[in-house]
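Student: Structure incoming, see below.
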Amino acid sequence: MERGAWKSNTGFVLAAVGSAVGLGNIWRFSYMVHENGGALFLLPYIIALLIVGIPILILEFAIGHKMRASAPQSMHTIHSEWEWLGWWPVIFVMFGINLYYVVIIAWCALYMLNSLRSPLPWAEGSEAFFDNQFLRISDSVFVFDGIRWPILLMTVVIWFLLWFICIRRIDRGVEVACKIFMPALLFLVTILVIWGLTLDGAIEGIEEYVWFTRDDLPQLAQIHVWRAAFSQIFFTLSIGFGIMIAYASYLPKKTDLVGSAFIIALADCGFSIFAGFAVFSVLGFMAYTEGVTVAEVVASGPGLSFVVYPEAIALLPGGNHVFGFFFFLALTIAGLTSAMSIVEAFSSAAVDKFGWKRRNVVSVSCLVGAFGSIVFTTGAGFYWLDIVDRFLNQYGLILVGLLECILVIWYYRIDKLHFHLYDANEGGYPPIWDIWWEWSVKYVVPLVLFIILAWSAIEDISTPYGDYPSEAIMMIGMGWLVATFLAAGVFSVYTRHRDNDRLSL
Ligand code: PHE
């Protein structure tokens with residue numbers, strides 16, 4: 001069998017952490033914290049991690065490990081009519097989330113190179129540089145206004161790198177890359193945090209980040225804060241992506257899945273919170289230099305890391321080039337190890353189901369991916385990214401998580417998976433753990449996810465997201481979800497016919 005396997009358990013944990021720790025931990029996490037109430041956001045974030053994140057991570061590991069297959073084949077084994085639930089996430093992540101994700105990695109790589117230029121290209125104002133020179137954002141969602149060539153070029157380079165790594169077997173490609181990149185990333189971010197904390201005004205930034213007052217509490221009554229926290233947990237742990245199912249399928253028969261899940265989840269969220277210190281101390285420094293409050297300096301939305309951080313770097317009395325370079329290098333590395341995980345998950349799905357050659361699947365999907373990324377490198381790319389990100393994460397991932405629980409409960413029996421987890425780990429688990437996990441997957445997770453989904457849908461219907469025209473939201477946001485859903489249906493019908501044909505031969 002050409003499936004391959006992890007060389008070591010550490011290799012697996014590093015690769016899973018590599019998938020989990022990505023742009024989501026620095027770029028997305030920092031603007032989520034800022035948009036949703038600063039320090040107060042950490043509360044729903046941690047609650048979401050504990051009550052939904054970790055149980056689903058364990059569930060996905062258990063499914064992949066027990067079925068020894070990537071998502072579609074695993075779902076098929078559970079119930080043959082549910083194969084689409086395996087295809088849908090790997091398709092919408094590979095040909096949805098990953099398309100813009102790679103473009104953002106390309107921005108990071110370009111900013112990294114730009115940091116070396118003297119004077120810094122954004123010396124005159126980082127927001128104006130980002131919006132009008134770097135992205136040259138067009139007037140509206142449907143005005144594309146041409147391609148931004150440097151961004152497209154770098155996007156192609158990133159897709160090439162992904163191809164170069166993923167074309168190898170898992171233990172020689174992804175595992176090796178993560179073993180080098182992950183320690184390097186931790187090292188870089190540690191330097192950035194220590195340096196950030198020494199800046200004047202850092203304390204005010206940190207206060208905004210970790211401290212909230214009574215007056216902030218009413219924020220917790222707002223659904224958008226909870227929805228953002230839950231979707232951030234799905235995004236950051238790479239759950240609902242089909243990735244963790246595929247990764248667990250490459251593990252040996254005897255392994256401690258629950259322990260690994262805890263390590264991975266805590267490492268990932270710990271990393272976000274840790275990296276937050278680097279970002280917020282720099283915000284504090286900026287506020288101090290400009291004589292305003294922290295809340296006033298922060299530009300919101302996906303531009304945060306590309307506007308505020310560079311601006312702060314430009315203000316530094318010394319070392320600006322080095323710190324700019326390090327920050328964007330860290331983001332680039334973090335993004336690469338995540339993007340490769342979905343190429344891997346999609347490819348292993350196609351190899352498992354169609355029996356195609358790995359090399360061909362990886363080559364074709366990276367090529368298609370690179371073409372798909374083009375729209376995000378146009379003048380309207382920023383709007384498209386914002387809409388796709390919002391819909392695929394807040395509906396797609398959460399829905400997949402909910403359906404996974406339902407599928408397992410109805411068609412498989414959670415205690416069988418539970419037994420499998422026991423069986424795989426020779427040491428067993430403490431009794432308290434038993435009750436907690438089964439209860440979570442059976443009742444808590446489905447209930448919470450259902451409430452979040454229903455509530456967001458109601459809110460989105462009454463007030464459409466952002467300032468976008470509603471056709472744009474329907475077409476781009478819902479369109480992407482529906483189109484990938486149909487593609488998943490086609491894939492599963494196709495494999496069913498093929499299997500039937502084989503049986504009747
Ligand atoms: N967990 C990743 C992150 O936080 C999300 C991701 C994984 C995105 C794989 C794309 C592909 O950045």
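In the structure tokens, each chain is lettered A, B, ... as it comes, each chain's residues begin at 1, and ligands are numbered from 1 in order of appearance.
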Name the residues, by chain letter and number, that sit within 9 Å of ligand 1 using only C-alpha atoms and all ligand atoms, and give them as an MDAnalysis selection string.

Tutor: chainID A and resid 17:29 93:94 97:102 232:239 241 243 268 272 334:343

Student: Using only C-alpha atoms, which protein or nucleic acid residues come within 9 Å of Tyr309 (chain A)? Drop anything in the same chain fewer than 5 positions from it, and give the result as a list in words.

Tutor: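 My list of contacting residues is Ser126, Val279, Val282, Leu283, Leu304, Ala314, Gly324 and Phe327 of chain A.
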
Student: Near region 209-212 of chain A, counting only C-alpha atoms, which residues have an atom at most 12 Å away, once you skip same-chain residues fewer than 2 positions from it, shown as a PyMOL selection string?

Tutor: chain A and resi 29-43+202-207+214-220+273-284+294-295

Student: Within 7 Å of region 177-180 of chain A, counting only C-alpha atoms, which residues show up once you throw out same-chain ones fewer than 3 positions away? Write them as a PyMOL selection string, please.

Tutor: chain A and resi 11+14-15+18+173-174+183-184+337

Student: Could the residues in this selection be saved with N, CA and C atoms as a CSV table (one decimal), in the first residue's frame?

Tutor:
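The new file selection_17.csv reads:
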```
chain,number,residue,atom,x,y,z
A,11,GLY,N,6.5,13.2,15.2
A,11,GLY,CA,6.3,13.7,13.9
A,11,GLY,C,4.8,14.1,13.6
A,14,LEU,N,3.8,17.1,15.7
A,14,LEU,CA,4.3,18.3,15.1
A,14,LEU,C,3.5,18.7,13.8
A,15,ALA,N,3.2,17.7,13.0
A,15,ALA,CA,2.5,18.0,11.8
A,15,ALA,C,1.1,18.5,12.1
A,18,GLY,N,1.4,21.8,13.2
A,18,GLY,CA,1.7,22.6,12.1
A,18,GLY,C,0.5,23.0,11.3
A,173,GLY,N,7.7,14.4,3.2
A,173,GLY,CA,7.4,15.7,2.8
A,173,GLY,C,6.9,16.5,4.0
A,174,VAL,N,5.6,16.4,4.3
A,174,VAL,CA,5.0,17.2,5.4
A,174,VAL,C,5.7,17.0,6.7
A,183,PRO,N,9.7,24.3,15.1
A,183,PRO,CA,10.6,24.9,16.1
A,183,PRO,C,11.1,26.3,15.6
A,184,ALA,N,11.3,26.5,14.4
A,184,ALA,CA,11.7,27.8,13.9
A,184,ALA,C,10.7,28.9,14.2
A,337,THR,N,2.7,25.6,6.7
A,337,THR,CA,2.5,24.2,7.3
A,337,THR,C,1.0,23.9,7.4
```

Student: Have a look at A:Ile406, A:Leu399, A:Met286, A:Phe326 and name the one nearest to Thr190 (chain A); count only C-alpha atoms.

Tutor: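 Using only C-alpha atoms, Thr190 (chain A) sits closest to A:Phe326.
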